[in-house]
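Shown next: protein-v2.cif, given as mmCIF, N, CA and C atoms.
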```
data_target
#
loop_
_atom_site.label_atom_id
_atom_site.label_comp_id
_atom_site.auth_asym_id
_atom_site.auth_seq_id
_atom_site.Cartn_x
_atom_site.Cartn_y
_atom_site.Cartn_z
N MET A 9 76.89 118.40 75.50
CA MET A 9 77.04 119.71 76.10
C MET A 9 76.94 120.75 74.99
N VAL A 10 75.84 121.43 74.93
CA VAL A 10 75.68 122.45 73.91
C VAL A 10 76.47 123.69 74.32
N PRO A 11 76.97 124.45 73.37
CA PRO A 11 77.82 125.59 73.71
C PRO A 11 77.09 126.75 74.36
N GLN A 12 75.79 126.86 74.18
CA GLN A 12 75.06 127.98 74.76
C GLN A 12 75.06 127.91 76.28
N ASP A 13 75.56 128.95 76.90
CA ASP A 13 75.51 129.12 78.36
C ASP A 13 76.24 128.06 79.18
N ARG A 14 77.17 127.34 78.59
CA ARG A 14 77.92 126.39 79.41
C ARG A 14 79.16 127.09 79.97
N PRO A 15 79.65 126.65 81.12
CA PRO A 15 80.84 127.26 81.71
C PRO A 15 82.05 127.13 80.78
N ALA A 16 82.90 128.12 80.80
CA ALA A 16 84.09 128.14 79.94
C ALA A 16 85.02 126.95 80.23
N GLY A 17 84.99 126.43 81.46
CA GLY A 17 85.86 125.31 81.83
C GLY A 17 85.41 123.96 81.31
N TRP A 18 84.26 123.90 80.66
CA TRP A 18 83.78 122.63 80.10
C TRP A 18 84.38 122.47 78.71
N THR A 19 85.64 122.11 78.66
CA THR A 19 86.34 122.00 77.38
C THR A 19 86.61 120.54 77.05
N LEU A 20 86.88 120.30 75.78
CA LEU A 20 87.24 118.95 75.35
C LEU A 20 88.52 118.51 76.04
N LYS A 21 89.45 119.42 76.25
CA LYS A 21 90.69 119.10 76.95
C LYS A 21 90.40 118.59 78.36
N MET A 22 89.48 119.26 79.08
CA MET A 22 89.15 118.83 80.44
C MET A 22 88.43 117.48 80.43
N LEU A 23 87.53 117.28 79.48
CA LEU A 23 86.83 115.99 79.40
C LEU A 23 87.80 114.86 79.11
N ARG A 24 88.77 115.11 78.26
CA ARG A 24 89.79 114.08 77.97
C ARG A 24 90.64 113.80 79.19
N LEU A 25 90.94 114.82 79.96
CA LEU A 25 91.72 114.66 81.19
C LEU A 25 90.96 113.78 82.19
N VAL A 26 89.68 114.02 82.32
CA VAL A 26 88.84 113.22 83.22
C VAL A 26 88.79 111.77 82.75
N ARG A 27 88.60 111.58 81.44
CA ARG A 27 88.55 110.22 80.88
C ARG A 27 89.89 109.51 81.09
N LYS A 28 90.99 110.20 80.81
CA LYS A 28 92.32 109.60 80.97
C LYS A 28 92.56 109.18 82.42
N GLY A 29 92.02 109.95 83.35
CA GLY A 29 92.17 109.62 84.76
C GLY A 29 91.22 108.54 85.24
N GLY A 30 90.31 108.11 84.38
CA GLY A 30 89.37 107.05 84.75
C GLY A 30 88.39 107.46 85.82
N ARG A 31 88.08 108.74 85.86
CA ARG A 31 87.22 109.25 86.91
C ARG A 31 85.75 109.06 86.58
N GLN A 32 84.96 108.76 87.60
CA GLN A 32 83.52 108.67 87.47
C GLN A 32 82.97 110.10 87.40
N VAL A 33 81.89 110.29 86.64
CA VAL A 33 81.31 111.63 86.51
C VAL A 33 79.85 111.61 86.96
N LEU A 34 79.38 112.77 87.36
CA LEU A 34 78.00 112.99 87.75
C LEU A 34 77.46 114.09 86.85
N VAL A 35 76.44 113.76 86.06
CA VAL A 35 75.87 114.72 85.12
C VAL A 35 74.44 115.02 85.55
N ARG A 36 74.12 116.30 85.65
CA ARG A 36 72.77 116.72 86.00
C ARG A 36 72.21 117.60 84.89
N GLY A 37 70.92 117.52 84.73
CA GLY A 37 70.26 118.35 83.74
C GLY A 37 68.80 117.96 83.63
N LEU A 38 68.18 118.43 82.58
CA LEU A 38 66.77 118.15 82.35
C LEU A 38 66.63 116.94 81.45
N LEU A 39 65.71 116.05 81.80
CA LEU A 39 65.46 114.89 80.96
C LEU A 39 64.52 115.33 79.84
N PHE A 40 64.91 115.04 78.62
CA PHE A 40 64.22 115.55 77.44
C PHE A 40 63.97 114.41 76.47
N TYR A 41 62.76 114.28 75.98
CA TYR A 41 62.43 113.27 74.98
C TYR A 41 62.49 113.92 73.61
N ASP A 42 63.41 113.48 72.76
CA ASP A 42 63.65 114.08 71.45
C ASP A 42 63.12 113.16 70.36
N ASN A 43 61.85 113.31 70.01
CA ASN A 43 61.24 112.41 69.03
C ASN A 43 61.51 112.84 67.59
N VAL A 44 62.35 113.84 67.39
CA VAL A 44 62.73 114.25 66.04
C VAL A 44 63.67 113.21 65.43
N HIS A 45 64.44 112.53 66.27
CA HIS A 45 65.41 111.54 65.80
C HIS A 45 64.78 110.15 65.79
N ASN A 46 65.54 109.20 65.29
CA ASN A 46 65.12 107.80 65.30
C ASN A 46 66.11 106.98 66.10
N VAL A 47 65.62 105.94 66.77
CA VAL A 47 66.51 105.01 67.43
C VAL A 47 67.23 104.24 66.34
N ARG A 48 68.55 104.24 66.40
CA ARG A 48 69.37 103.58 65.39
C ARG A 48 70.61 103.04 66.09
N THR A 49 70.67 101.73 66.24
CA THR A 49 71.77 101.12 66.99
C THR A 49 72.92 100.64 66.12
N ASP A 50 72.73 100.62 64.80
CA ASP A 50 73.79 100.16 63.89
C ASP A 50 74.70 101.33 63.53
N PRO A 51 75.94 101.36 64.06
CA PRO A 51 76.82 102.49 63.78
C PRO A 51 77.26 102.57 62.32
N ASP A 52 77.12 101.48 61.56
CA ASP A 52 77.52 101.49 60.16
C ASP A 52 76.43 102.07 59.25
N GLU A 53 75.23 102.17 59.76
CA GLU A 53 74.14 102.74 58.97
C GLU A 53 74.25 104.26 59.04
N ASN A 54 74.33 104.91 57.90
CA ASN A 54 74.43 106.36 57.88
C ASN A 54 73.06 106.94 57.54
N ALA A 55 72.39 107.43 58.53
CA ALA A 55 71.04 107.98 58.34
C ALA A 55 71.13 109.50 58.28
N ASN A 56 71.58 109.99 57.15
CA ASN A 56 71.68 111.44 56.92
C ASN A 56 72.51 112.15 57.98
N GLY A 57 73.57 111.53 58.42
CA GLY A 57 74.47 112.15 59.38
C GLY A 57 73.99 112.09 60.83
N ASN A 58 72.83 111.51 61.09
CA ASN A 58 72.37 111.38 62.47
C ASN A 58 73.18 110.29 63.17
N PRO A 59 73.69 110.57 64.36
CA PRO A 59 74.49 109.56 65.06
C PRO A 59 73.63 108.40 65.53
N ALA A 60 74.29 107.26 65.73
CA ALA A 60 73.59 106.11 66.29
C ALA A 60 73.14 106.47 67.70
N ARG A 61 71.94 106.06 68.07
CA ARG A 61 71.44 106.30 69.42
C ARG A 61 70.55 105.14 69.82
N PHE A 62 70.61 104.77 71.08
CA PHE A 62 69.81 103.65 71.56
C PHE A 62 68.56 104.11 72.28
N SER A 63 68.41 105.41 72.44
CA SER A 63 67.25 105.95 73.12
C SER A 63 66.95 107.34 72.58
N LEU A 64 65.72 107.75 72.72
CA LEU A 64 65.35 109.11 72.34
C LEU A 64 65.36 110.05 73.54
N TRP A 65 65.70 109.52 74.72
CA TRP A 65 65.82 110.35 75.91
C TRP A 65 67.22 110.97 75.96
N GLU A 66 67.28 112.24 76.28
CA GLU A 66 68.55 112.96 76.39
C GLU A 66 68.56 113.76 77.69
N ILE A 67 69.75 114.02 78.19
CA ILE A 67 69.89 115.02 79.25
C ILE A 67 70.24 116.30 78.51
N HIS A 68 69.26 117.21 78.48
CA HIS A 68 69.45 118.40 77.64
C HIS A 68 68.61 119.54 78.19
N PRO A 69 69.21 120.60 78.60
CA PRO A 69 70.65 120.85 78.62
C PRO A 69 71.29 120.27 79.88
N ILE A 70 72.59 120.03 79.79
CA ILE A 70 73.36 119.62 80.97
C ILE A 70 73.59 120.89 81.79
N THR A 71 73.21 120.84 83.04
CA THR A 71 73.34 122.02 83.90
C THR A 71 74.48 121.92 84.90
N GLU A 72 74.96 120.70 85.13
CA GLU A 72 76.05 120.50 86.08
C GLU A 72 76.84 119.26 85.69
N PHE A 73 78.16 119.36 85.75
CA PHE A 73 79.04 118.25 85.41
C PHE A 73 80.10 118.19 86.50
N ARG A 74 80.12 117.10 87.25
CA ARG A 74 81.08 116.95 88.36
C ARG A 74 81.92 115.69 88.18
N VAL A 75 83.08 115.69 88.83
CA VAL A 75 84.05 114.60 88.74
C VAL A 75 84.32 114.06 90.14
N CYS A 76 84.29 112.74 90.29
CA CYS A 76 84.54 112.10 91.59
C CYS A 76 86.01 112.26 91.97
N LEU A 77 86.25 112.64 93.22
CA LEU A 77 87.61 112.85 93.71
C LEU A 77 88.16 111.68 94.52
N LYS A 78 87.33 110.68 94.81
CA LYS A 78 87.80 109.55 95.61
C LYS A 78 88.55 108.55 94.73
N LYS A 79 89.63 108.02 95.26
CA LYS A 79 90.49 107.12 94.49
C LYS A 79 89.74 105.90 93.97
N ASN A 80 88.80 105.38 94.72
CA ASN A 80 88.07 104.18 94.31
C ASN A 80 86.78 104.51 93.54
N ASN A 81 86.62 105.80 93.17
CA ASN A 81 85.42 106.25 92.43
C ASN A 81 84.14 105.97 93.21
N ASP A 82 84.21 105.98 94.54
CA ASP A 82 83.06 105.66 95.38
C ASP A 82 82.53 106.93 96.06
N CYS A 83 82.20 107.93 95.27
CA CYS A 83 81.69 109.19 95.82
C CYS A 83 80.23 109.04 96.19
N LYS A 84 79.91 109.45 97.39
CA LYS A 84 78.53 109.40 97.86
C LYS A 84 78.02 110.83 98.11
N ALA A 85 78.71 111.58 98.95
CA ALA A 85 78.31 112.94 99.30
C ALA A 85 78.72 113.92 98.20
N LEU A 86 77.93 114.95 98.01
CA LEU A 86 78.19 115.93 96.97
C LEU A 86 79.56 116.59 97.15
N GLN A 87 80.03 116.70 98.40
CA GLN A 87 81.33 117.32 98.66
C GLN A 87 82.49 116.50 98.09
N GLN A 88 82.24 115.24 97.73
CA GLN A 88 83.30 114.39 97.18
C GLN A 88 83.41 114.54 95.66
N TRP A 89 82.58 115.38 95.09
CA TRP A 89 82.58 115.62 93.65
C TRP A 89 83.08 117.04 93.38
N ARG A 90 83.92 117.22 92.39
CA ARG A 90 84.44 118.54 92.01
C ARG A 90 83.78 118.97 90.70
N LYS A 91 83.35 120.22 90.63
CA LYS A 91 82.77 120.74 89.39
C LYS A 91 83.83 120.72 88.29
N LEU A 92 83.43 120.34 87.09
CA LEU A 92 84.38 120.24 85.98
C LEU A 92 85.08 121.56 85.73
N GLU A 93 84.38 122.68 85.88
CA GLU A 93 85.01 123.97 85.61
C GLU A 93 86.09 124.35 86.61
N THR A 94 86.17 123.63 87.74
CA THR A 94 87.24 123.89 88.71
C THR A 94 88.21 122.71 88.83
N PHE A 95 87.98 121.66 88.06
CA PHE A 95 88.82 120.46 88.07
C PHE A 95 90.16 120.79 87.41
N THR A 96 91.26 120.28 87.96
CA THR A 96 92.59 120.52 87.39
C THR A 96 93.37 119.21 87.32
N ILE A 97 94.49 119.26 86.64
CA ILE A 97 95.35 118.08 86.54
C ILE A 97 95.85 117.67 87.93
N ASN A 98 95.98 118.59 88.84
CA ASN A 98 96.41 118.26 90.20
C ASN A 98 95.41 117.36 90.93
N ASP A 99 94.14 117.42 90.51
CA ASP A 99 93.13 116.55 91.10
C ASP A 99 93.35 115.08 90.72
N LEU A 100 94.10 114.83 89.66
CA LEU A 100 94.38 113.46 89.23
C LEU A 100 95.63 112.87 89.87
N LYS A 101 96.49 113.68 90.44
CA LYS A 101 97.77 113.20 90.97
C LYS A 101 97.61 112.08 91.99
N PRO A 102 96.63 112.13 92.89
CA PRO A 102 96.49 111.00 93.83
C PRO A 102 96.18 109.66 93.16
N PHE A 103 95.72 109.69 91.92
CA PHE A 103 95.30 108.48 91.23
C PHE A 103 96.38 107.91 90.32
N GLN A 104 97.45 108.66 90.12
CA GLN A 104 98.50 108.21 89.19
C GLN A 104 99.52 107.35 89.93
N PRO A 105 100.03 106.29 89.25
CA PRO A 105 101.03 105.45 89.91
C PRO A 105 102.32 106.22 90.15
N LYS A 106 102.98 105.89 91.27
CA LYS A 106 104.23 106.59 91.62
C LYS A 106 105.43 105.90 91.05
#
```

Give the structure from this file in structure tokens form.
Amino acid sequence: MVPQDRPAGWTLKMLRLVRKGGRQVLVRGLLFYDNVHNVRTDPDENANGNPARFSLWEIHPITEFRVCLKKNNDCKALQQWRKLETFTINDLKPFQPK
């Protein structure tokens, strides 16, 4: 998620909240082939600071990021997904043990 023109609600805190809740995500954007980089699957190899990557295809830029609201992560209809910028900790309460 590049910082240019992304919604203010797309924060690292929100992404961590989604991950902690074990929620499935739906990412939309443009498929982009980035041949400037190299495929490099060995994480121990340091190629001038370039991260390990298994493909040169990227979703760039990401235009929409949604979080599944169903307890079993079985979202089918778009209405079952909440936009990350409107997602809150209260959306995770149905998934937490009592």

Mind telling me what the PyMOL selection byres ((chain A and resi 49) around 8) catches here, as an mmCIF file with N, CA and C atoms, in the coordinates of the input?
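Done, and the output landed in part-v2.cif:
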```
data_model
loop_
_atom_site.group_PDB
_atom_site.id
_atom_site.type_symbol
_atom_site.label_atom_id
_atom_site.label_comp_id
_atom_site.auth_asym_id
_atom_site.auth_seq_id
_atom_site.Cartn_x
_atom_site.Cartn_y
_atom_site.Cartn_z
ATOM 1 N N ASN A 46 65.540 109.200 65.290
ATOM 2 C CA ASN A 46 65.120 107.800 65.300
ATOM 3 C C ASN A 46 66.110 106.980 66.100
ATOM 4 N N VAL A 47 65.620 105.940 66.770
ATOM 5 C CA VAL A 47 66.510 105.010 67.430
ATOM 6 C C VAL A 47 67.230 104.240 66.340
ATOM 7 N N ARG A 48 68.550 104.240 66.400
ATOM 8 C CA ARG A 48 69.370 103.580 65.390
ATOM 9 C C ARG A 48 70.610 103.040 66.090
ATOM 10 N N ASP A 50 72.730 100.620 64.800
ATOM 11 C CA ASP A 50 73.790 100.160 63.890
ATOM 12 C C ASP A 50 74.700 101.330 63.530
ATOM 13 N N PRO A 51 75.940 101.360 64.060
ATOM 14 C CA PRO A 51 76.820 102.490 63.780
ATOM 15 C C PRO A 51 77.260 102.570 62.320
ATOM 16 N N ASP A 52 77.120 101.480 61.560
ATOM 17 C CA ASP A 52 77.520 101.490 60.160
ATOM 18 C C ASP A 52 76.430 102.070 59.250
ATOM 19 N N GLU A 53 75.230 102.170 59.760
ATOM 20 C CA GLU A 53 74.140 102.740 58.970
ATOM 21 C C GLU A 53 74.250 104.260 59.040
ATOM 22 N N PRO A 59 73.690 110.570 64.360
ATOM 23 C CA PRO A 59 74.490 109.560 65.060
ATOM 24 C C PRO A 59 73.630 108.400 65.530
ATOM 25 N N ALA A 60 74.290 107.260 65.730
ATOM 26 C CA ALA A 60 73.590 106.110 66.290
ATOM 27 C C ALA A 60 73.140 106.470 67.700
ATOM 28 N N ARG A 61 71.940 106.060 68.070
ATOM 29 C CA ARG A 61 71.440 106.300 69.420
ATOM 30 C C ARG A 61 70.550 105.140 69.820
ATOM 31 N N PHE A 62 70.610 104.770 71.080
ATOM 32 C CA PHE A 62 69.810 103.650 71.560
ATOM 33 C C PHE A 62 68.560 104.110 72.280
ATOM 34 N N SER A 63 68.410 105.410 72.440
ATOM 35 C CA SER A 63 67.250 105.950 73.120
ATOM 36 C C SER A 63 66.950 107.340 72.580
#
```

Exercise. For atom N of A:Gly30 and atom CA of A:Leu100, determine how far apart the two atoms are, in Å to one decimal place.
Key: 8.3 Å

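Of the residues under consideration (A:Leu38, A:Pro15, A:Leu77, A:His68), A:Leu77 shows the shortest atom-to-atom contact distance to A:Thr96 when counting only C-alpha atoms.
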
Quiz item: What gap, in Å, lies between atom CA of A:Val35 and atom CA of A:Val75?
Solution: 8.9 Å

Practice problem: Determine the residue set returned by the PyMOL selection byres ((chain A and resi 88) around 7) for the present structure, and present it as a VMD selection string. | Solution: chain A and resid 75 to 78 83 to 87 89 to 90

Taking N, CA and C atoms for each residue, export the selection above as a compact mmCIF listing (two decimals), in the coordinates of the input.
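Written out: selection_31.txt:
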```
# COMPACT_ATOMS: atom_id res chain seq x y z
N VAL A 75 83.08 115.69 88.83
CA VAL A 75 84.05 114.60 88.74
C VAL A 75 84.32 114.06 90.14
N CYS A 76 84.29 112.74 90.29
CA CYS A 76 84.54 112.10 91.59
C CYS A 76 86.01 112.26 91.97
N LEU A 77 86.25 112.64 93.22
CA LEU A 77 87.61 112.85 93.71
C LEU A 77 88.16 111.68 94.52
N LYS A 78 87.33 110.68 94.81
CA LYS A 78 87.80 109.55 95.61
C LYS A 78 88.55 108.55 94.73
N CYS A 83 82.20 107.93 95.27
CA CYS A 83 81.69 109.19 95.82
C CYS A 83 80.23 109.04 96.19
N LYS A 84 79.91 109.45 97.39
CA LYS A 84 78.53 109.40 97.86
C LYS A 84 78.02 110.83 98.11
N ALA A 85 78.71 111.58 98.95
CA ALA A 85 78.31 112.94 99.30
C ALA A 85 78.72 113.92 98.20
N LEU A 86 77.93 114.95 98.01
CA LEU A 86 78.19 115.93 96.97
C LEU A 86 79.56 116.59 97.15
N GLN A 87 80.03 116.70 98.40
CA GLN A 87 81.33 117.32 98.66
C GLN A 87 82.49 116.50 98.09
N TRP A 89 82.58 115.38 95.09
CA TRP A 89 82.58 115.62 93.65
C TRP A 89 83.08 117.04 93.38
N ARG A 90 83.92 117.22 92.39
CA ARG A 90 84.44 118.54 92.01
C ARG A 90 83.78 118.97 90.70
```

Self-check item: Residues flagged strand (DSSP E or B) by DSSP in stretch 9-83 of chain A, as a PyMOL selection string
Solution: chain A and resi 33-41+48+55+58+61+65-76

Quiz item: Around (89.2, 114.9, 85.6) in the file's own coordinates, what residues are found within 8 Å if you use only C-alpha atoms, given back as a ChimeraX atom specification?
Solution: /A:22-31,75,92,95-97,99-100

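Of note, atom CA of A:Lys101 and atom CA of A:Met9 are spaced 26.3 Å apart.
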